[in-house]
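One file, protein21.tsv, carrying TSV, C-alpha atoms:
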```tsv
chain	number	residue	atom	x	y	z
A	1	MET	CA	-103.53	32.43	217.72
A	2	LEU	CA	-105.06	35.88	217.30
A	3	ILE	CA	-108.29	36.62	219.18
A	4	ALA	CA	-110.18	37.26	215.94
A	5	GLU	CA	-109.00	33.95	214.50
A	6	ARG	CA	-109.99	32.05	217.63
A	7	ARG	CA	-113.44	33.63	217.71
A	8	GLN	CA	-114.04	32.76	214.06
A	9	GLN	CA	-113.13	29.16	214.82
A	10	ILE	CA	-115.59	29.23	217.74
A	11	ILE	CA	-118.35	30.40	215.38
A	12	ASP	CA	-117.48	27.61	212.96
A	13	LEU	CA	-117.58	25.00	215.74
A	14	VAL	CA	-120.90	26.24	217.11
A	15	ASN	CA	-122.49	26.23	213.67
A	16	GLU	CA	-121.13	22.77	212.92
A	17	GLN	CA	-122.18	21.17	216.21
A	18	LYS	CA	-125.32	23.30	216.73
A	19	SER	CA	-124.41	23.72	220.41
A	20	ILE	CA	-121.22	23.54	222.44
A	21	ARG	CA	-120.14	23.91	226.07
A	22	VAL	CA	-117.65	26.34	227.58
A	23	THR	CA	-115.61	23.45	229.00
A	24	GLU	CA	-115.30	21.84	225.59
A	25	LEU	CA	-114.12	25.07	223.96
A	26	SER	CA	-111.66	25.63	226.80
A	27	ASN	CA	-110.11	22.22	226.13
A	28	ILE	CA	-110.02	22.72	222.37
A	29	PHE	CA	-108.19	26.07	222.53
A	30	SER	CA	-106.22	25.36	225.74
A	31	ILE	CA	-107.36	28.59	227.39
A	32	THR	CA	-109.33	29.36	230.53
A	33	GLU	CA	-113.09	29.05	230.69
A	34	GLU	CA	-113.30	32.72	231.69
A	35	THR	CA	-111.59	33.70	228.42
A	36	ILE	CA	-114.03	31.53	226.48
A	37	ARG	CA	-116.97	33.19	228.25
A	38	ARG	CA	-115.66	36.60	227.21
A	39	ASP	CA	-115.36	35.36	223.64
A	40	LEU	CA	-118.92	34.06	223.68
A	41	GLU	CA	-120.30	37.27	225.14
A	42	SER	CA	-118.53	39.30	222.47
A	43	LEU	CA	-119.83	37.02	219.69
A	44	LYS	CA	-123.33	37.16	221.16
A	45	LYS	CA	-123.28	40.99	221.03
A	46	GLN	CA	-122.22	40.75	217.38
A	47	GLY	CA	-125.15	38.44	216.65
A	48	LYS	CA	-122.86	35.56	215.68
A	49	LEU	CA	-124.30	33.05	218.17
A	50	MET	CA	-126.69	32.71	221.08
A	51	ARG	CA	-125.65	32.13	224.67
A	52	SER	CA	-127.16	29.34	226.70
A	53	HIS	CA	-126.44	28.16	230.22
A	54	GLY	CA	-122.98	26.64	230.14
A	55	GLY	CA	-122.20	27.31	226.50
A	56	ALA	CA	-123.48	28.61	223.19
A	57	VAL	CA	-125.99	27.67	220.51
A	58	SER	CA	-125.91	28.34	216.78
A	59	ILE	CA	-128.20	31.10	215.54
A	60	ASN	CA	-129.12	28.67	212.76
A	61	SER	CA	-130.50	26.16	215.27
A	62	VAL	CA	-133.71	27.74	216.46
A	63	ASP	CA	-135.32	24.30	216.68
A	64	LEU	CA	-132.88	23.36	219.44
A	65	LEU	CA	-133.97	26.27	221.64
A	66	GLU	CA	-137.05	26.38	223.77
A	67	VAL	CA	-139.88	27.97	221.82
A	68	SER	CA	-143.31	29.14	222.88
A	69	TYR	CA	-146.07	26.63	223.55
A	70	GLU	CA	-148.13	28.11	220.72
A	71	GLU	CA	-145.30	27.59	218.25
A	72	ARG	CA	-144.67	24.01	219.41
A	73	GLU	CA	-148.39	23.32	219.23
A	74	SER	CA	-148.39	24.15	215.51
A	75	ARG	CA	-145.54	21.77	214.62
A	76	LYS	CA	-146.07	18.17	213.48
A	77	VAL	CA	-149.66	18.31	214.74
A	78	ASP	CA	-150.91	15.17	213.00
A	79	GLU	CA	-147.91	13.11	214.11
A	80	LYS	CA	-148.22	14.28	217.72
A	81	ARG	CA	-151.93	13.53	217.90
A	82	LYS	CA	-151.44	10.01	216.56
A	83	ILE	CA	-148.55	9.39	218.95
A	84	ALA	CA	-150.73	10.61	221.84
A	85	TYR	CA	-153.50	8.18	220.87
A	86	GLU	CA	-151.02	5.30	220.87
A	87	ALA	CA	-149.71	6.42	224.26
A	88	VAL	CA	-153.19	6.48	225.79
A	89	LYS	CA	-153.60	2.82	224.81
A	90	GLN	CA	-150.82	1.99	227.27
A	91	VAL	CA	-152.65	3.48	230.27
A	92	ARG	CA	-154.68	1.23	232.58
A	93	GLU	CA	-157.23	2.03	235.24
A	94	GLY	CA	-155.52	2.68	238.58
A	95	ASP	CA	-152.22	3.71	237.00
A	96	LYS	CA	-150.04	6.41	238.53
A	97	ILE	CA	-148.54	8.21	235.54
A	98	ILE	CA	-146.34	11.19	234.75
A	99	LEU	CA	-147.02	13.56	231.87
A	100	ASP	CA	-144.41	16.15	231.00
A	101	ALA	CA	-145.01	19.62	229.56
A	102	SER	CA	-144.75	18.61	225.90
A	103	THR	CA	-147.55	19.30	223.43
A	104	THR	CA	-147.79	15.55	222.84
A	105	ALA	CA	-148.51	15.06	226.55
A	106	TRP	CA	-151.22	17.74	226.28
A	107	TYR	CA	-152.81	15.90	223.35
A	108	MET	CA	-152.62	12.78	225.47
A	109	ALA	CA	-154.39	14.53	228.35
A	110	LYS	CA	-157.17	15.59	225.98
A	111	VAL	CA	-158.02	11.99	225.04
A	112	LEU	CA	-157.35	10.22	228.35
A	113	PRO	CA	-160.55	8.46	229.44
A	114	ASP	CA	-162.14	9.71	232.65
A	115	MET	CA	-161.25	6.67	234.75
A	116	GLU	CA	-159.56	6.22	238.10
A	117	MET	CA	-155.87	7.16	237.84
A	118	THR	CA	-153.37	9.67	239.19
A	119	VAL	CA	-151.46	12.06	236.94
A	120	LEU	CA	-148.37	13.92	238.12
A	121	THR	CA	-147.32	16.79	235.86
A	122	ASN	CA	-145.34	20.02	235.71
A	123	SER	CA	-147.55	21.33	232.88
A	124	ILE	CA	-150.26	23.96	233.37
A	125	LYS	CA	-151.88	22.92	230.09
A	126	VAL	CA	-152.03	19.25	231.05
A	127	ALA	CA	-153.43	20.00	234.52
A	128	SER	CA	-156.05	22.33	233.06
A	129	GLU	CA	-157.08	19.79	230.42
A	130	LEU	CA	-157.55	17.08	233.03
A	131	SER	CA	-159.38	19.23	235.59
A	132	PRO	CA	-162.96	18.43	234.34
A	133	LYS	CA	-162.28	14.67	234.52
A	134	LYS	CA	-163.61	13.81	237.98
A	135	ASN	CA	-162.05	10.35	238.30
A	136	ILE	CA	-158.51	11.54	237.58
A	137	THR	CA	-156.44	12.84	240.48
A	138	VAL	CA	-154.10	15.55	239.22
A	139	ILE	CA	-150.95	16.50	241.12
A	140	SER	CA	-149.12	19.62	239.94
A	141	THR	CA	-145.50	20.12	240.95
A	142	GLY	CA	-145.42	23.87	241.41
A	143	GLY	CA	-142.13	25.70	240.98
A	144	ILE	CA	-140.85	28.47	238.75
A	145	LEU	CA	-143.27	29.12	235.90
A	146	GLN	CA	-141.73	29.28	232.44
A	147	SER	CA	-144.03	31.41	230.34
A	148	LYS	CA	-142.89	29.98	227.00
A	149	SER	CA	-143.52	26.34	227.83
A	150	LEU	CA	-146.27	26.94	230.44
A	151	SER	CA	-144.43	24.55	232.72
A	152	TYR	CA	-142.93	24.52	236.19
A	153	VAL	CA	-139.18	24.05	236.62
A	154	GLY	CA	-136.60	24.71	239.31
A	155	PRO	CA	-135.82	23.20	242.72
A	156	LEU	CA	-139.45	22.94	243.90
A	157	ALA	CA	-140.56	21.19	240.71
A	158	GLU	CA	-137.61	18.81	240.88
A	159	SER	CA	-138.01	17.96	244.57
A	160	SER	CA	-141.77	17.34	244.15
A	161	PHE	CA	-141.06	14.09	242.35
A	162	LYS	CA	-139.06	12.70	245.29
A	163	HIS	CA	-142.31	12.19	247.21
A	164	TYR	CA	-143.96	9.93	244.63
A	165	HIS	CA	-143.65	6.71	242.69
A	166	ALA	CA	-145.12	6.25	239.21
A	167	ASN	CA	-146.00	3.18	237.16
A	168	LYS	CA	-145.37	4.94	233.88
A	169	ALA	CA	-143.82	8.16	232.61
A	170	PHE	CA	-144.82	9.62	229.25
A	171	ILE	CA	-142.29	12.19	228.11
A	172	SER	CA	-141.04	13.85	224.97
A	173	CYS	CA	-137.68	15.47	224.32
A	174	LYS	CA	-135.94	17.86	221.98
A	175	GLY	CA	-133.41	15.32	220.74
A	176	PHE	CA	-132.80	11.56	220.81
A	177	HIS	CA	-129.43	10.27	219.65
A	178	LEU	CA	-128.49	6.58	219.61
A	179	GLN	CA	-124.99	7.31	220.93
A	180	ASP	CA	-125.48	10.47	222.99
A	181	GLY	CA	-128.87	9.80	224.56
A	182	ILE	CA	-131.74	12.15	225.37
A	183	SER	CA	-131.42	15.93	225.38
A	184	GLU	CA	-133.48	19.05	225.98
A	185	SER	CA	-133.35	22.67	224.95
A	186	SER	CA	-132.75	23.95	228.48
A	187	GLU	CA	-130.94	22.64	231.51
A	188	GLN	CA	-133.91	23.36	233.79
A	189	GLN	CA	-136.27	21.26	231.67
A	190	ALA	CA	-133.66	18.51	231.50
A	191	ARG	CA	-133.33	18.32	235.29
A	192	VAL	CA	-137.10	18.07	235.79
A	193	LYS	CA	-137.38	15.27	233.23
A	194	GLN	CA	-134.47	13.46	234.81
A	195	MET	CA	-136.42	13.40	238.08
A	196	MET	CA	-139.51	12.12	236.25
A	197	LEU	CA	-137.55	9.19	234.88
A	198	SER	CA	-135.95	8.38	238.23
A	199	ILE	CA	-139.27	7.57	239.95
A	200	SER	CA	-140.94	5.66	237.10
A	201	GLU	CA	-141.12	1.90	236.59
A	202	GLU	CA	-141.64	2.20	232.83
A	203	VAL	CA	-140.68	5.07	230.56
A	204	TYR	CA	-142.44	5.84	227.28
A	205	LEU	CA	-140.64	8.27	224.98
A	206	MET	CA	-143.08	10.04	222.62
A	207	ILE	CA	-141.24	11.58	219.67
A	208	ASP	CA	-141.88	12.17	216.00
A	209	HIS	CA	-139.31	11.18	213.38
A	210	SER	CA	-137.68	14.63	213.25
A	211	LYS	CA	-136.25	14.23	216.78
A	212	PHE	CA	-134.06	11.22	215.97
A	213	GLY	CA	-130.37	11.95	215.53
A	214	VAL	CA	-130.74	15.38	217.16
A	215	LYS	CA	-128.40	16.52	219.94
A	216	ALA	CA	-130.00	19.43	221.77
A	217	PHE	CA	-128.14	21.63	224.23
A	218	SER	CA	-128.67	19.86	227.57
A	219	ARG	CA	-128.09	16.12	227.63
A	220	TYR	CA	-129.71	14.44	230.62
A	221	GLU	CA	-129.99	10.67	230.20
A	222	ASP	CA	-128.64	7.66	228.36
A	223	MET	CA	-130.89	5.62	226.12
A	224	ASP	CA	-131.16	2.67	228.46
A	225	VAL	CA	-133.66	4.42	230.74
A	226	ILE	CA	-136.24	4.22	227.95
A	227	ASP	CA	-138.46	1.14	227.75
A	228	TYR	CA	-140.82	2.09	224.90
A	229	VAL	CA	-140.46	4.47	221.97
A	230	ILE	CA	-143.73	5.73	220.50
A	231	THR	CA	-143.19	7.41	217.15
A	232	ASP	CA	-144.80	8.02	213.78
A	233	HIS	CA	-144.80	5.92	210.64
A	234	HIS	CA	-142.24	8.15	208.89
A	235	VAL	CA	-139.35	6.52	210.78
A	236	LYS	CA	-136.96	4.91	208.31
A	237	SER	CA	-136.61	1.13	208.35
A	238	GLU	CA	-132.87	1.26	209.13
A	239	LEU	CA	-133.48	3.40	212.22
A	240	GLU	CA	-136.34	1.12	213.22
A	241	ARG	CA	-133.98	-1.87	213.09
A	242	ASN	CA	-131.38	-0.01	215.14
A	243	LEU	CA	-133.93	0.83	217.81
A	244	ILE	CA	-135.09	-2.75	218.08
A	245	GLU	CA	-131.50	-4.02	218.19
A	246	LYS	CA	-130.85	-1.62	221.08
A	247	GLY	CA	-133.64	-3.30	223.01
A	248	PHE	CA	-136.41	-0.72	222.70
A	249	GLN	CA	-140.00	-1.80	222.31
A	250	LEU	CA	-141.14	0.24	219.33
A	251	ILE	CA	-144.71	1.44	218.89
A	252	LYS	CA	-145.48	3.12	215.56
A	253	THR	CA	-148.54	5.02	214.47
A	254	LYS	CA	-150.47	3.97	211.39
A	255	GLU	CA	-150.44	6.00	208.19
```
Mind converting the file's structure to structure tokens?
Amino acid sequence: MLIAERRQQIIDLVNEQKSIRVTELSNIFSITEETIRRDLESLKKQGKLMRSHGGAVSINSVDLLEVSYEERESRKVDEKRKIAYEAVKQVREGDKIILDASTTAWYMAKVLPDMEMTVLTNSIKVASELSPKKNITVISTGGILQSKSLSYVGPLAESSFKHYHANKAFISCKGFHLQDGISESSEQQARVKQMMLSISEEVYLMIDHSKFGVKAFSRYEDMDVIDYVITDHHVKSELERNLIEKGFQLIKTKE
């Protein structure tokens, strides 16, 4: 196969699957990973795709990449606020909870009652929102600050969770697929969330209807780690049945 032909097929695969890994492309074309990396770098320079750690992402899949906090804050605002309100109903006095760096978690922090609890978070926005609430103990992970998401990632953020135990974790994600599990836009965010889940007794996934069926770049957990799914009322009845059949406890917002 000519190089140009192979690279065109790579573009087609990336656009079809939205994201793909170097190892997968290496197996498909039966060539070395180093050759695939050269192909991807060349296609990136031509503006045909975007590189991501371990693979490539379609230029038509901006929603699967990490975007700024301000941009995320403006998306699905009503749905996120309602989901946050439902999530707050699950919190009890004395709980030790985890809030991730999602905008939904920030909305949740805004409406959390000022009662005795501990909140562990890697989000600057969440920590700042909770700071005036005197009865809430806030623990921030520290780590490498990501300016787009205003969150801490990296080895320090990941290892911080090893020292704690949480009753409940409230997280969001970039994609939730019934066969392929939970995924994030970046590998660093995925690793932090994986640590959050590992120390939590109960996990609440807070996602609006647009996240279902999505496979973002970095897959980090199977579905069975999730206990509750909190979502909006736009979820289709067939998907709702599938979620319940899979064993999830489904919490939906009202219209």
> Near Pro132 (chain A), within 9 Å and counting only C-alpha atoms, which residues show up once chain neighbours fewer than 4 positions away are dropped, as a PyMOL selection string?
Replying inline: chain A and resi 114+128+136
> Could you list as a list of chain:residue names every residue that has an atom within 12 Å of (-130.2, -4.3, 223.9), using the file's coordinates and counting all atoms listed in the file?
Replying inline: A:Leu178, A:Met223, A:Asp224, A:Val225, A:Ile226, A:Asp227, A:Arg241, A:Asn242, A:Leu243, A:Ile244, A:Glu245, A:Lys246, A:Gly247, A:Phe248, A:Gln249
>> Calculated over only C-alpha atoms, which of the candidates A:Ala101, A:Ala109, A:Ala166, A:Ile171 has the smallest distance to Leu145 (chain A)?
In response: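 Closest residue, counting only C-alpha atoms: A:Ala101.
Residues in contact with Ala157 (chain A) at up to 8 Å, not including ones fewer than 5 positions away on its chain and judged by only C-alpha atoms, are Asn122, Thr141, Gly142, Gly143, Ile144, Tyr152 and Val192 of chain A.
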Restrict the selected residues to C-alpha atoms and save them as an mmCIF file, in the frame of the given file.
```
data_model
loop_
_atom_site.group_PDB
_atom_site.id
_atom_site.type_symbol
_atom_site.label_atom_id
_atom_site.label_comp_id
_atom_site.auth_asym_id
_atom_site.auth_seq_id
_atom_site.Cartn_x
_atom_site.Cartn_y
_atom_site.Cartn_z
ATOM 1 C CA ASN A 122 -145.340 20.020 235.710
ATOM 2 C CA THR A 141 -145.500 20.120 240.950
ATOM 3 C CA GLY A 142 -145.420 23.870 241.410
ATOM 4 C CA GLY A 143 -142.130 25.700 240.980
ATOM 5 C CA ILE A 144 -140.850 28.470 238.750
ATOM 6 C CA TYR A 152 -142.930 24.520 236.190
ATOM 7 C CA VAL A 192 -137.100 18.070 235.790
#
```
Polymer residues at most 12 Å from (-136.8, 8.1, 239.6) by only C-alpha atoms, as a tab-separated table (two decimals) with C-alpha atoms, in the frame of the given file:
```
chain	number	residue	atom	x	y	z
A	98	ILE	CA	-146.34	11.19	234.75
A	158	GLU	CA	-137.61	18.81	240.88
A	159	SER	CA	-138.01	17.96	244.57
A	160	SER	CA	-141.77	17.34	244.15
A	161	PHE	CA	-141.06	14.09	242.35
A	162	LYS	CA	-139.06	12.70	245.29
A	163	HIS	CA	-142.31	12.19	247.21
A	164	TYR	CA	-143.96	9.93	244.63
A	165	HIS	CA	-143.65	6.71	242.69
A	166	ALA	CA	-145.12	6.25	239.21
A	167	ASN	CA	-146.00	3.18	237.16
A	168	LYS	CA	-145.37	4.94	233.88
A	169	ALA	CA	-143.82	8.16	232.61
A	191	ARG	CA	-133.33	18.32	235.29
A	192	VAL	CA	-137.10	18.07	235.79
A	193	LYS	CA	-137.38	15.27	233.23
A	194	GLN	CA	-134.47	13.46	234.81
A	195	MET	CA	-136.42	13.40	238.08
A	196	MET	CA	-139.51	12.12	236.25
A	197	LEU	CA	-137.55	9.19	234.88
A	198	SER	CA	-135.95	8.38	238.23
A	199	ILE	CA	-139.27	7.57	239.95
A	200	SER	CA	-140.94	5.66	237.10
A	201	GLU	CA	-141.12	1.90	236.59
A	202	GLU	CA	-141.64	2.20	232.83
A	203	VAL	CA	-140.68	5.07	230.56
A	221	GLU	CA	-129.99	10.67	230.20
A	225	VAL	CA	-133.66	4.42	230.74
```
> Restricting the calculation to only C-alpha atoms, which member of A:Glu116, A:Glu187, A:Asp222, A:Asp232 is positioned closest to Ser52 (chain A)?
Replying inline: A:Glu187
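When all atoms listed in the file are used to compute distances to Lys82 (chain A), the closest of the residues A:Ser102, A:Thr253, A:Gln146, A:Ser19 turns out to be A:Thr253.
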>> List the spatial neighbours of Ser26 (chain A) as a PyMOL selection string - criterion: any atom at most 12 Å away, all atoms listed in the file, same-chain residues fewer than 6 positions off excluded.
In response: chain A and resi 6+10+20+32-40+54-55
> Which one is closest to Glu24 (chain A): A:Ala56, A:Gln90, A:Ser149, A:Pro155? Count only C-alpha atoms.
Replying inline: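 For Glu24 (chain A), the nearest of the given residues is A:Ala56.
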>> Give me the residues near Ser183 (chain A) as a PyMOL selection string, where near means some atom within 9 Å (using all atoms listed in the file) and where sequence neighbours in that chain fewer than 4 positions away do not count.
In response: chain A and resi 173-177+190+214-221
> Of the candidates A:Ser151, A:Ser186, A:Gln8, A:Thr137, which shows the shortest atom-to-atom distance to Gln46 (chain A), using all atoms listed in the file?
Replying inline: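 Among the listed residues, A:Gln8 lies closest to Gln46 (chain A).
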> Quick one, how far is CA of Lys236 (chain A) from CA of Val111 (chain A)?
Replying inline: 27.8 Å
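When CA of Glu16 (chain A) is paired with CA of Met1 (chain A), their separation reads 20.6 Å.
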